[in-house]
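Text of target12.txt (compact mmCIF, C-alpha atoms) as supplied:
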```txt
# COMPACT_ATOMS: atom_id res chain seq x y z
CA MET A 1 0.00 0.00 0.00
CA ALA A 2 3.05 2.19 0.57
CA ALA A 3 2.96 5.34 -1.58
CA ASP A 4 -0.13 4.52 -3.59
CA PRO A 5 -2.39 7.57 -3.18
CA THR A 6 -5.42 5.60 -4.32
CA SER A 7 -5.26 3.10 -1.46
CA HIS A 8 -8.39 3.33 0.62
CA THR A 9 -9.90 2.07 3.84
CA HIS A 10 -12.25 -0.32 2.09
CA ALA A 11 -9.91 -1.80 -0.49
CA PRO A 12 -8.44 -5.07 0.85
CA HIS A 13 -9.93 -7.22 3.57
CA ASP A 14 -6.80 -8.80 4.99
CA GLY A 15 -7.14 -7.18 8.43
CA ALA A 16 -4.11 -4.91 8.03
CA VAL A 17 -4.50 -1.16 8.39
CA HIS A 18 -5.14 0.52 5.05
CA VAL A 19 -5.76 4.26 5.08
CA HIS A 20 -6.14 6.99 2.55
CA ILE A 21 -2.73 8.58 1.97
CA ALA A 22 -2.77 12.06 0.48
CA PRO A 23 0.30 13.51 -1.28
CA PRO A 24 2.29 16.12 0.71
CA ARG A 25 1.43 18.94 -1.69
CA PHE A 26 -2.26 18.36 -0.89
CA TYR A 27 -1.55 19.19 2.78
CA TRP A 28 0.45 22.25 1.72
CA ALA A 29 -2.53 23.40 -0.37
CA ILE A 30 -4.83 23.09 2.65
CA PHE A 31 -2.32 25.09 4.72
CA ALA A 32 -2.21 27.82 2.03
CA GLY A 33 -6.01 28.00 2.14
CA LEU A 34 -5.95 28.33 5.93
CA VAL A 35 -3.41 31.18 5.79
CA VAL A 36 -5.48 33.01 3.14
CA LEU A 37 -8.57 32.70 5.37
CA THR A 38 -6.57 33.98 8.39
CA VAL A 39 -5.44 37.06 6.44
CA LEU A 40 -9.03 37.54 5.23
CA THR A 41 -10.53 37.43 8.73
CA VAL A 42 -7.95 39.96 10.00
CA LYS A 43 -8.59 42.32 7.04
CA VAL A 44 -12.37 42.09 7.46
CA SER A 45 -12.07 43.01 11.15
CA TYR A 46 -10.94 46.54 10.17
CA TYR A 47 -14.35 47.26 8.62
CA ASP A 48 -17.44 47.95 10.66
CA PHE A 49 -20.36 45.76 9.62
CA GLY A 50 -22.11 46.22 12.95
CA SER A 51 -23.30 43.00 14.52
CA ALA A 52 -22.43 41.13 11.30
CA ASN A 53 -18.73 41.33 12.21
CA ILE A 54 -18.93 38.45 14.68
CA ILE A 55 -21.05 36.39 12.26
CA ILE A 56 -18.48 36.85 9.48
CA ALA A 57 -15.61 36.03 11.88
CA LEU A 58 -17.36 32.85 13.05
CA ILE A 59 -18.20 31.72 9.51
CA ILE A 60 -14.56 32.11 8.43
CA ALA A 61 -13.41 30.32 11.61
CA SER A 62 -15.83 27.46 10.90
CA VAL A 63 -14.56 27.07 7.34
CA LYS A 64 -11.00 26.92 8.72
CA ALA A 65 -12.06 24.41 11.38
CA SER A 66 -13.74 22.26 8.70
CA LEU A 67 -10.55 22.23 6.63
CA VAL A 68 -8.47 21.18 9.65
CA ALA A 69 -10.97 18.53 10.80
CA GLY A 70 -11.74 17.22 7.31
CA PHE A 71 -8.22 16.90 5.93
CA PHE A 72 -5.52 17.36 8.61
CA MET A 73 -7.58 15.18 10.97
CA HIS A 74 -8.54 12.83 8.11
CA LEU A 75 -12.29 12.89 8.82
CA ARG A 76 -13.01 13.10 5.07
CA HIS A 77 -11.62 9.58 4.54
CA ASP A 78 -12.32 8.25 8.02
CA LYS A 79 -15.21 6.25 9.44
CA PRO A 80 -18.32 8.49 9.24
CA PHE A 81 -19.05 7.72 12.88
CA ASN A 82 -16.05 9.84 13.97
CA THR A 83 -17.52 12.81 12.10
CA LEU A 84 -20.81 12.13 13.84
CA ILE A 85 -19.10 12.36 17.25
CA LEU A 86 -17.54 15.72 16.37
CA LEU A 87 -20.81 17.10 14.99
CA ALA A 88 -22.70 15.86 18.07
CA ALA A 89 -20.23 17.72 20.31
CA PHE A 90 -20.83 20.91 18.30
CA LEU A 91 -24.60 20.35 18.33
CA PHE A 92 -24.81 20.04 22.12
CA LEU A 93 -22.38 22.92 22.58
CA SER A 94 -24.58 25.16 20.43
CA LEU A 95 -27.69 24.05 22.38
CA PHE A 96 -25.87 24.92 25.61
CA ILE A 97 -24.82 28.37 24.38
CA LEU A 98 -28.00 29.31 22.48
CA LEU A 99 -30.39 28.35 25.30
CA THR A 100 -28.26 30.21 27.84
CA TRP A 101 -28.13 33.21 25.50
CA ASP A 102 -31.90 33.10 25.05
CA ASP A 103 -32.37 32.97 28.81
CA LEU A 104 -30.46 36.23 29.27
CA GLY A 105 -33.13 38.23 27.46
CA VAL A 106 -35.86 37.42 29.98
CA ARG A 107 -33.84 37.75 33.14
CA ALA A 108 -33.47 40.65 35.55
CA HIS A 109 -29.89 41.50 36.46
CA ASP A 110 -28.21 42.83 39.54
CA HIS A 111 -26.31 45.47 37.61
CA GLY A 112 -27.61 48.87 36.58
CA TYR A 113 -28.15 47.70 33.01
CA ALA A 114 -30.74 45.48 31.35
CA GLN A 115 -32.94 45.45 34.44
CA LYS A 116 -36.62 44.65 34.11
CA MET A 117 -39.44 45.75 36.38
CA SER A 118 -43.13 45.11 36.78
CA PRO A 119 -45.09 48.11 35.39
CA GLU A 120 -47.68 47.79 38.21
CA THR A 121 -45.44 47.68 41.26
CA GLY A 122 -42.21 49.23 39.98
CA LEU A 123 -40.32 46.35 41.56
CA GLY A 124 -37.70 44.30 39.75
CA ALA A 125 -39.28 41.40 37.81
CA PRO A 126 -37.94 39.10 35.14
CA GLY A 127 -39.92 39.42 31.92
CA GLY A 128 -41.09 42.94 32.81
CA GLU A 129 -40.33 46.22 31.11
CA PRO A 130 -36.94 47.93 31.12
CA MET A 131 -36.34 49.94 34.28
CA THR A 132 -35.82 53.66 34.11
CA SER A 133 -32.53 54.74 35.64
CA ALA A 134 -34.33 56.48 38.51
CA THR A 135 -36.25 53.37 39.47
CA ALA A 136 -33.19 51.22 38.99
CA ASP A 137 -31.32 53.29 41.55
CA ASP A 138 -34.20 53.12 44.04
CA VAL A 139 -35.04 49.48 43.71
CA ALA A 140 -31.72 47.84 42.98
CA PRO A 141 -28.65 49.77 44.13
CA GLU A 142 -25.25 48.96 42.65
CA PRO A 143 -24.29 45.64 44.20
CA GLU A 144 -21.28 45.02 46.43
CA GLY A 145 -18.27 42.90 45.49
CA ALA A 146 -19.76 39.41 45.52
CA ALA A 147 -22.16 39.93 42.61
CA THR A 148 -19.43 41.05 40.20
CA GLY A 149 -16.64 39.05 41.74
CA GLY A 150 -14.66 42.13 42.82
CA GLY A 151 -14.19 41.26 46.46
CA HIS A 152 -11.75 44.05 47.28
CA GLY A 153 -13.75 46.86 45.73
CA GLU A 154 -14.99 49.81 47.69
CA LYS A 155 -18.37 51.28 47.10
CA LYS A 156 -18.48 54.55 45.24
CA GLU A 157 -19.12 57.51 47.52
CA MET B 1 -5.23 -15.39 12.14
CA ALA B 2 -2.25 -16.73 10.24
CA ASN B 3 -3.16 -15.02 6.99
CA VAL B 4 -3.54 -11.71 8.85
CA SER B 5 -0.08 -11.95 10.32
CA GLU B 6 1.54 -12.77 7.02
CA SER B 7 -0.05 -9.78 5.37
CA VAL B 8 1.32 -7.32 7.91
CA ALA B 9 4.67 -6.27 6.54
CA GLY B 10 7.48 -4.94 8.67
CA ALA B 11 6.07 -6.03 12.00
CA GLU B 12 7.71 -8.49 14.32
CA LEU B 13 5.53 -11.54 14.89
CA VAL B 14 5.10 -13.01 18.31
CA GLY B 15 3.78 -16.54 18.36
CA HIS B 16 2.54 -18.65 21.20
CA ASP B 17 -0.13 -21.36 21.50
CA ALA B 18 -0.28 -21.58 17.71
CA HIS B 19 -1.50 -17.98 17.74
CA ALA B 20 0.93 -15.75 15.86
CA HIS B 21 0.20 -12.07 15.62
CA PRO B 22 2.10 -8.78 15.15
CA ASP B 23 3.69 -7.55 18.40
CA PHE B 24 1.63 -4.35 18.37
CA LEU B 25 -1.70 -6.19 18.15
CA GLN B 26 -3.28 -6.58 21.55
CA HIS B 27 -5.04 -9.82 22.39
CA HIS B 28 -8.54 -8.40 22.65
CA PHE B 29 -8.50 -7.27 19.02
CA ASP B 30 -8.98 -9.62 16.06
CA THR B 31 -7.14 -7.56 13.46
CA PRO B 32 -4.88 -4.47 13.29
CA THR B 33 -7.69 -2.65 11.48
CA GLN B 34 -10.10 -3.30 14.32
CA GLN B 35 -7.53 -2.07 16.84
CA PHE B 36 -6.78 1.05 14.75
CA ASN B 37 -10.46 1.95 14.36
CA ALA B 38 -11.15 1.41 18.07
CA SER B 39 -8.23 3.68 19.00
CA LYS B 40 -9.45 6.40 16.68
CA LEU B 41 -13.01 6.15 17.96
CA GLY B 42 -11.74 6.56 21.53
CA MET B 43 -9.65 9.57 20.52
CA TRP B 44 -12.62 11.26 18.86
CA VAL B 45 -14.79 10.74 21.94
CA PHE B 46 -12.00 12.31 23.99
CA ILE B 47 -11.83 15.24 21.54
CA ALA B 48 -15.59 15.70 21.97
CA THR B 49 -15.15 15.99 25.76
CA GLU B 50 -12.36 18.53 25.23
CA ILE B 51 -14.63 20.62 23.00
CA LEU B 52 -17.33 20.52 25.67
CA MET B 53 -14.82 21.59 28.35
CA PHE B 54 -13.80 24.65 26.32
CA GLY B 55 -17.52 25.06 25.58
CA GLY B 56 -18.19 26.21 29.14
CA LEU B 57 -15.78 29.09 28.60
CA PHE B 58 -17.28 29.93 25.20
CA CYS B 59 -20.69 30.04 26.90
CA ALA B 60 -19.32 32.42 29.56
CA TYR B 61 -17.98 34.54 26.71
CA ALA B 62 -21.40 34.57 25.01
CA ILE B 63 -23.12 35.65 28.24
CA GLU B 64 -20.65 38.41 29.04
CA ARG B 65 -20.64 39.69 25.48
CA GLY B 66 -24.43 39.60 25.36
CA LEU B 67 -24.65 41.63 28.56
CA GLU B 68 -21.95 44.21 27.92
CA PRO B 69 -20.80 44.37 24.28
CA GLN B 70 -19.25 47.80 24.87
CA ILE B 71 -16.63 46.21 27.11
CA PHE B 72 -15.50 44.01 24.23
CA ASP B 73 -15.51 46.96 21.82
CA GLU B 74 -13.17 48.93 24.06
CA ALA B 75 -11.04 46.25 25.64
CA HIS B 76 -10.16 44.19 22.57
CA HIS B 77 -8.00 47.07 21.29
CA PHE B 78 -5.52 46.10 24.00
CA LEU B 79 -4.85 42.83 22.20
CA ASN B 80 -2.32 42.99 19.39
CA LYS B 81 -3.92 41.68 16.17
CA ILE B 82 -0.55 41.20 14.47
CA MET B 83 0.80 39.05 17.31
CA GLY B 84 -2.45 37.08 17.41
CA ALA B 85 -2.43 36.53 13.64
CA SER B 86 1.26 35.50 13.74
CA ASN B 87 0.45 32.95 16.41
CA THR B 88 -2.45 31.67 14.31
CA VAL B 89 -0.16 31.10 11.32
CA VAL B 90 2.47 29.45 13.55
CA LEU B 91 -0.16 27.03 14.91
CA LEU B 92 -1.60 26.34 11.44
CA PHE B 93 1.91 25.57 10.19
CA SER B 94 2.51 23.23 13.13
CA SER B 95 -0.76 21.48 12.23
CA LEU B 96 0.52 21.07 8.69
CA THR B 97 3.79 19.52 9.88
CA ALA B 98 1.88 17.26 12.29
CA ALA B 99 -0.27 16.05 9.38
CA LEU B 100 2.86 15.52 7.28
CA ALA B 101 4.44 13.56 10.16
CA VAL B 102 1.44 11.20 10.10
CA ARG B 103 1.68 10.98 6.32
CA SER B 104 5.38 10.07 6.56
CA ALA B 105 4.59 7.43 9.17
CA GLN B 106 1.88 5.99 6.89
CA VAL B 107 4.42 5.42 4.12
CA GLY B 108 7.14 4.27 6.51
CA LYS B 109 9.59 7.19 6.19
CA ARG B 110 10.80 7.12 9.78
CA ASN B 111 13.40 9.93 9.61
CA LEU B 112 10.97 12.24 7.84
CA THR B 113 8.39 11.57 10.57
CA SER B 114 10.96 12.57 13.20
CA PHE B 115 11.84 15.70 11.23
CA TYR B 116 8.22 16.84 10.97
CA LEU B 117 7.58 16.09 14.65
CA VAL B 118 10.59 18.24 15.61
CA VAL B 119 9.35 21.09 13.40
CA THR B 120 5.92 20.80 15.06
CA LEU B 121 7.54 21.02 18.51
CA LEU B 122 9.61 24.07 17.46
CA CYS B 123 6.41 25.79 16.24
CA ALA B 124 4.81 25.02 19.59
CA CYS B 125 7.77 26.71 21.33
CA ALA B 126 7.46 29.73 19.00
CA PHE B 127 3.76 29.96 19.88
CA LEU B 128 4.53 29.97 23.60
CA VAL B 129 7.28 32.60 23.19
CA ILE B 130 4.90 34.96 21.36
CA LYS B 131 2.27 34.26 24.03
CA TYR B 132 4.85 35.06 26.73
CA PHE B 133 5.50 38.49 25.20
CA GLU B 134 1.76 39.17 24.95
CA TYR B 135 1.10 38.11 28.55
CA SER B 136 4.02 40.00 30.09
CA HIS B 137 3.05 43.15 28.19
CA LYS B 138 -0.47 42.94 29.59
CA PHE B 139 0.84 42.29 33.12
CA HIS B 140 2.95 45.42 32.70
CA LEU B 141 -0.09 47.45 31.64
CA GLY B 142 -1.91 46.26 34.74
CA LEU B 143 -4.52 44.32 32.77
CA LEU B 144 -4.34 41.15 34.85
CA PRO B 145 -7.74 41.00 36.59
CA GLY B 146 -7.48 41.34 40.32
CA HIS B 147 -6.80 43.78 43.08
CA CYS B 148 -4.77 46.29 41.07
CA PHE B 149 -6.53 45.93 37.70
CA GLY B 150 -6.12 48.98 35.52
CA HIS B 151 -3.11 50.53 37.21
CA PRO B 152 -0.62 51.39 34.46
CA GLY B 153 2.97 50.38 35.10
CA LEU B 154 2.07 48.44 38.21
CA SER B 155 4.80 45.82 37.81
CA ALA B 156 7.41 48.54 37.17
CA ALA B 157 6.33 50.35 40.32
CA ILE B 158 6.62 47.17 42.33
CA GLN B 159 10.07 46.46 40.90
CA ASN B 160 11.27 49.95 41.84
CA GLY B 161 9.75 49.56 45.28
CA GLN B 162 7.80 52.77 44.97
CA GLU B 163 4.29 54.08 44.56
CA VAL B 164 2.79 50.73 45.42
CA GLY B 165 0.86 52.25 48.28
CA THR B 166 -0.43 54.94 45.94
CA CYS B 167 -1.28 52.26 43.42
CA LEU B 168 -3.41 50.39 45.88
CA HIS B 169 -5.05 53.63 46.96
CA VAL B 170 -5.76 54.62 43.37
CA ASN B 171 -7.17 51.23 42.62
CA ALA B 172 -9.38 51.16 45.66
CA GLN B 173 -11.15 54.10 44.06
CA ALA B 174 -11.07 52.75 40.52
CA ALA B 175 -11.97 49.21 41.50
CA PRO B 176 -14.03 47.29 38.95
CA VAL B 177 -17.20 47.17 41.03
CA THR B 178 -17.64 50.94 40.96
CA PRO B 179 -19.14 52.61 37.89
CA GLU B 180 -15.83 54.49 37.40
CA TRP B 181 -13.97 53.95 34.17
CA VAL B 182 -10.61 52.33 34.72
CA ARG B 183 -7.42 54.06 33.59
CA ALA B 184 -5.23 51.97 31.30
CA VAL B 185 -2.43 52.43 28.79
CA ASP B 186 -3.00 50.97 25.31
CA GLU B 187 -0.58 49.40 22.81
CA GLU B 188 0.74 52.78 21.62
CA GLY B 189 1.30 54.07 25.15
CA HIS B 190 -1.72 56.37 25.20
CA VAL B 191 -3.58 56.56 28.47
CA THR B 192 -7.17 55.60 27.84
CA LEU B 193 -10.15 54.62 29.92
CA LEU B 194 -11.68 51.18 30.11
CA PRO B 195 -15.35 50.75 30.91
CA PRO B 196 -16.37 49.46 34.34
CA ARG B 197 -16.07 45.67 34.61
CA ALA B 198 -13.57 45.58 31.70
CA ASN B 199 -11.73 43.09 33.90
CA MET B 200 -14.37 40.57 32.73
CA PHE B 201 -12.95 40.70 29.21
CA PHE B 202 -9.39 40.23 30.41
CA GLY B 203 -10.55 37.49 32.79
CA LEU B 204 -12.00 35.59 29.82
CA TYR B 205 -8.91 36.34 27.76
CA PHE B 206 -6.49 34.99 30.35
CA VAL B 207 -8.56 31.92 31.27
CA MET B 208 -9.39 30.91 27.70
CA THR B 209 -5.88 31.45 26.31
CA GLY B 210 -4.41 30.04 29.54
CA LEU B 211 -6.36 26.77 29.25
CA HIS B 212 -5.41 26.66 25.58
CA GLY B 213 -1.75 27.26 26.51
CA LEU B 214 -1.97 24.35 28.96
CA HIS B 215 -3.17 22.19 26.06
CA VAL B 216 -0.19 23.35 24.01
CA LEU B 217 2.12 22.13 26.80
CA ILE B 218 0.29 18.78 27.07
CA GLY B 219 0.36 18.42 23.28
CA MET B 220 4.12 19.05 23.30
CA SER B 221 4.61 16.31 25.90
CA ILE B 222 2.56 13.84 23.84
CA LEU B 223 4.41 14.66 20.62
CA THR B 224 7.78 14.34 22.40
CA TRP B 225 6.75 10.87 23.60
CA VAL B 226 5.70 9.96 20.04
CA LEU B 227 9.02 11.32 18.72
CA VAL B 228 11.02 9.14 21.14
CA LYS B 229 9.03 6.03 20.17
CA ASN B 230 9.50 6.87 16.50
CA ILE B 231 13.27 7.24 16.89
CA ARG B 232 13.31 3.84 18.60
CA GLY B 233 11.63 2.38 15.52
CA LYS B 234 8.32 1.39 17.09
CA PHE B 235 6.23 2.48 14.11
CA SER B 236 5.69 1.12 10.62
CA PRO B 237 3.11 1.48 7.84
CA ALA B 238 1.27 -1.34 9.61
CA TYR B 239 1.25 0.42 12.98
CA PHE B 240 1.41 4.20 13.35
CA THR B 241 -1.60 4.74 15.69
CA PRO B 242 0.26 6.84 18.34
CA VAL B 243 1.56 9.21 15.64
CA ASP B 244 -1.96 9.58 14.28
CA LEU B 245 -3.61 10.12 17.67
CA GLY B 246 -0.87 12.47 18.91
CA ALA B 247 -1.36 14.55 15.78
CA LEU B 248 -5.15 14.50 16.32
CA TYR B 249 -4.59 16.02 19.78
CA TRP B 250 -2.35 18.67 18.24
CA HIS B 251 -4.97 19.51 15.60
CA LEU B 252 -7.50 19.92 18.42
CA VAL B 253 -5.22 22.58 19.97
CA ASP B 254 -5.20 24.28 16.56
CA LEU B 255 -8.98 23.93 16.24
CA VAL B 256 -9.63 25.69 19.56
CA TRP B 257 -7.27 28.54 18.66
CA ILE B 258 -9.03 29.01 15.29
CA TYR B 259 -12.11 30.10 17.29
CA LEU B 260 -10.27 31.89 20.14
CA PHE B 261 -8.35 34.19 17.81
CA PRO B 262 -11.28 35.97 16.10
CA LEU B 263 -13.46 35.94 19.24
CA LEU B 264 -10.83 37.65 21.40
CA TYR B 265 -8.67 39.67 18.99
CA LEU B 266 -10.93 40.63 16.11
CA VAL B 267 -14.47 41.29 17.29
CA GLY B 268 -15.81 44.60 18.40
CA LYS B 269 -15.99 47.91 16.61
CA PRO B 270 -12.89 48.83 14.62
CA GLU B 271 -11.31 52.13 15.67
```

Turn the structure described in the file into structure tokens.
Amino acid sequence: MAADPTSHTHAPHDGAVHVHIAPPRFYWAIFAGLVVLTVLTVKVSYYDFGSANIIIALIIASVKASLVAGFFMHLRHDKPFNTLILLAAFLFLSLFILLTWDDLGVRAHDHGYAQKMSPETGLGAPGGEPMTSATADDVAPEPEGAATGGGHGEKKE
Amino acid sequence: MANVSESVAGAELVGHDAHAHPDFLQHHFDTPTQQFNASKLGMWVFIATEILMFGGLFCAYAIERGLEPQIFDEAHHFLNKIMGASNTVVLLFSSLTAALAVRSAQVGKRNLTSFYLVVTLLCACAFLVIKYFEYSHKFHLGLLPGHCFGHPGLSAAIQNGQEVGTCLHVNAQAAPVTPEWVRAVDEEGHVTLLPPRANMFFGLYFVMTGLHGLHVLIGMSILTWVLVKNIRGKFSPAYFTPVDLGALYWHLVDLVWIYLFPLLYLVGKPE
């Protein structure tokens, strides 16, 4: 099987390990593509597309990650089940992050920002309306160290 | 089993009880292929757990960024894009050489495998050196989250044995829990102000890149072990699993950095 680039996992059934062997210049081509994408993502970051900036950065990063996983990590010619494991990890990670992210929008916070209050009582309430700054000061004063992890901080006079 | 053993070239056969098999094939596997696939499956499950471990930090990042995007807009200018991009290219190149090391092992070019493994290890060192310069610069600017966050030249003051008392006094007033903006010196030496709680950004930066850096060190240990085994002639086209799995770990390190770099260095409003 030595240097034969056409050798493949499924070819012979003698029990010995047979894997897809790509020529070195193929790996160099993948590397060139990765460098081009790195330069691209740095260049793009100098333009302001608003909230689309992070989307663009993540799309480019995902293309780079796919190239690394697919070819450097051999997933393209590997057992499909290994790809399934990687995709499952990403699926559950995105569930974890997206559901947490979604939860933030309906939650009252201890800080002076993004607080919600009940329109009837004026008290802090998750799922209520945004607090005015005056109410926020009355109802929920700036918290001490523990809430923000400061510990040594002194309260503003 | 006999026909299996004969087909495996370059491997020393151990025979006992009329049961000859290559020396690398463990008894609970029928064939080298089965052993190879099982090893790879195990490695991919491990990689999945690694992704989920970093995932907790990415989730923390998403929460903090969702709450206070202005912190990221301001604070990410303290990270040097050029250094970050250089480190990205260094890691990508090390991934390339790791892949080429596996390729050389697949075709039985032992010396070439060693060469590529050494290049990969040198790239890993280069990555850590660049990271060292980035970290020490931020320590110097007082951007390490903690008691004295935001005090410019803190480490210099401590080295000269002066102004430390003043520093602590200043920082008691500019502590992150107050709504005061924190004084800091940026890359060009200009004194600027960081929003309150900007320490959250640098906390994420140091923990995420720190955990990644730890993986770089572990990856270097694994690749060194693989290199030693390779020099001792333990691998052949019939058995190169440790080279393959060691490289997979190294690619994982690369994979994590591919996401860390844009999320920490590149997002936020350009100046």

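With atom CA of Val102 of chain B on one side and atom CA of Asp244 of chain B on the other, the separation reads 5.6 Å.
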
Near segment 28-41 of chain A, counting only C-alpha atoms, which residues have an atom at most 9 Å away, once you skip same-chain residues fewer than 2 positions from it, shown as a short mmCIF file (atom, residue, chain, number, x, y, z; two decimals) with C-alpha atoms, keeping the file's coordinate frame?
```
data_model
loop_
_atom_site.label_atom_id
_atom_site.label_comp_id
_atom_site.auth_asym_id
_atom_site.auth_seq_id
_atom_site.Cartn_x
_atom_site.Cartn_y
_atom_site.Cartn_z
CA PRO A 24 2.29 16.12 0.71
CA ARG A 25 1.43 18.94 -1.69
CA PHE A 26 -2.26 18.36 -0.89
CA LYS A 43 -8.59 42.32 7.04
CA VAL A 44 -12.37 42.09 7.46
CA SER A 45 -12.07 43.01 11.15
CA ILE A 56 -18.48 36.85 9.48
CA ALA A 57 -15.61 36.03 11.88
CA ILE A 60 -14.56 32.11 8.43
CA ALA A 61 -13.41 30.32 11.61
CA VAL A 63 -14.56 27.07 7.34
CA LYS A 64 -11.00 26.92 8.72
CA LEU A 67 -10.55 22.23 6.63
CA VAL A 68 -8.47 21.18 9.65
CA PHE A 71 -8.22 16.90 5.93
CA PHE A 72 -5.52 17.36 8.61
CA ALA B 85 -2.43 36.53 13.64
CA THR B 88 -2.45 31.67 14.31
CA VAL B 89 -0.16 31.10 11.32
CA LEU B 92 -1.60 26.34 11.44
CA PHE B 93 1.91 25.57 10.19
CA SER B 95 -0.76 21.48 12.23
CA LEU B 96 0.52 21.07 8.69
CA ILE B 258 -9.03 29.01 15.29
CA PRO B 262 -11.28 35.97 16.10
CA LEU B 266 -10.93 40.63 16.11
#
```

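Computed from the coordinates, the atom CA of Thr49 of chain B to atom CA of Leu255 of chain B distance equals 13.8 Å.
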
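Counting all atoms listed in the file and comparing A:Phe96, A:Val17, A:Thr83, A:Gly70, the residue that lies closest to Phe36 of chain B is A:Val17.
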
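Near (-24.8, 28.3, 21.4), the residues inside the 12 Å limit, counting only C-alpha atoms, come to Ala89, Phe90, Leu91, Phe92, Leu93, Ser94, Leu95, Phe96, Ile97, Leu98, Leu99, Thr100, Trp101, Asp102 and Asp103 of chain A; Leu52, Gly55, Gly56, Leu57, Phe58, Cys59, Ala60, Tyr61, Ala62, Ile63 and Gly66 of chain B.
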
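Distances to Ser66 of chain A were evaluated for A:Gly50, A:Lys79, A:Leu86, A:Gly105 using all atoms listed in the file, and the minimum falls at A:Leu86.
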
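Counting from atom CA of Thr209 of chain B, the distance to atom CA of Asn87 of chain B is 11.8 Å.
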
Next on the checklist: Give me the residues near Gly203 of chain B as a ChimeraX atom specification, where near means some atom within 12 Å (using all atoms listed in the file) and where sequence neighbours in that chain fewer than 2 positions away do not count.
Outcome noted: /A:149-150 /B:57,60-61,64,72,75,138,143-146,149,197-201,205-210,264

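Remark: for chain A, the closest of the candidate residues B:Ala38, B:Ala48, B:Val216, B:Leu204 is B:Ala48 (distances computed over all atoms listed in the file).
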
Next on the checklist: When you count all atoms listed in the file, which of these residues is closest to chain A: B:Glu50, B:Ile71, B:Ile231, B:Val107?
Outcome noted: B:Val107

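For the residues A:Met73, A:Ile55, A:Ile85, A:Leu104, ranking by smallest atom-to-atom distance to Ala247 of chain B using all atoms listed in the file places A:Met73 first.
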
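Candidate residues A:Leu75, A:Ala52, A:Leu84, A:Ala65 were compared for distance to chain B, and the nearest is A:Ala65, using all atoms listed in the file.
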
Item to check | Spatial neighbours of Phe81 of chain A, max dist 12 Å, only C-alpha atoms, sep filter under 4 positions, as a PyMOL selection string | outcome: (chain A and resi 75-77+85-88) or (chain B and resi 37-38+40-42+44-45)

Same residues, C-alpha atoms, saved as a PDB file, in the coordinates of the input:
```
ATOM      1  CA  LEU A  75     -12.290  12.890   8.820  1.00  0.00           C
ATOM      2  CA  ARG A  76     -13.010  13.100   5.070  1.00  0.00           C
ATOM      3  CA  HIS A  77     -11.620   9.580   4.540  1.00  0.00           C
ATOM      4  CA  ILE A  85     -19.100  12.360  17.250  1.00  0.00           C
ATOM      5  CA  LEU A  86     -17.540  15.720  16.370  1.00  0.00           C
ATOM      6  CA  LEU A  87     -20.810  17.100  14.990  1.00  0.00           C
ATOM      7  CA  ALA A  88     -22.700  15.860  18.070  1.00  0.00           C
TER       8      ALA A  88
ATOM      9  CA  ASN B  37     -10.460   1.950  14.360  1.00  0.00           C
ATOM     10  CA  ALA B  38     -11.150   1.410  18.070  1.00  0.00           C
ATOM     11  CA  LYS B  40      -9.450   6.400  16.680  1.00  0.00           C
ATOM     12  CA  LEU B  41     -13.010   6.150  17.960  1.00  0.00           C
ATOM     13  CA  GLY B  42     -11.740   6.560  21.530  1.00  0.00           C
ATOM     14  CA  TRP B  44     -12.620  11.260  18.860  1.00  0.00           C
ATOM     15  CA  VAL B  45     -14.790  10.740  21.940  1.00  0.00           C
TER      16      VAL B  45
END
```

Next on the checklist: Around the point (4.3, 5.4, 16.1) (coordinates from the file), which residues reach within 9 Å if we count all atoms listed in the file? Answer as a count of residues only.
Outcome noted: 16
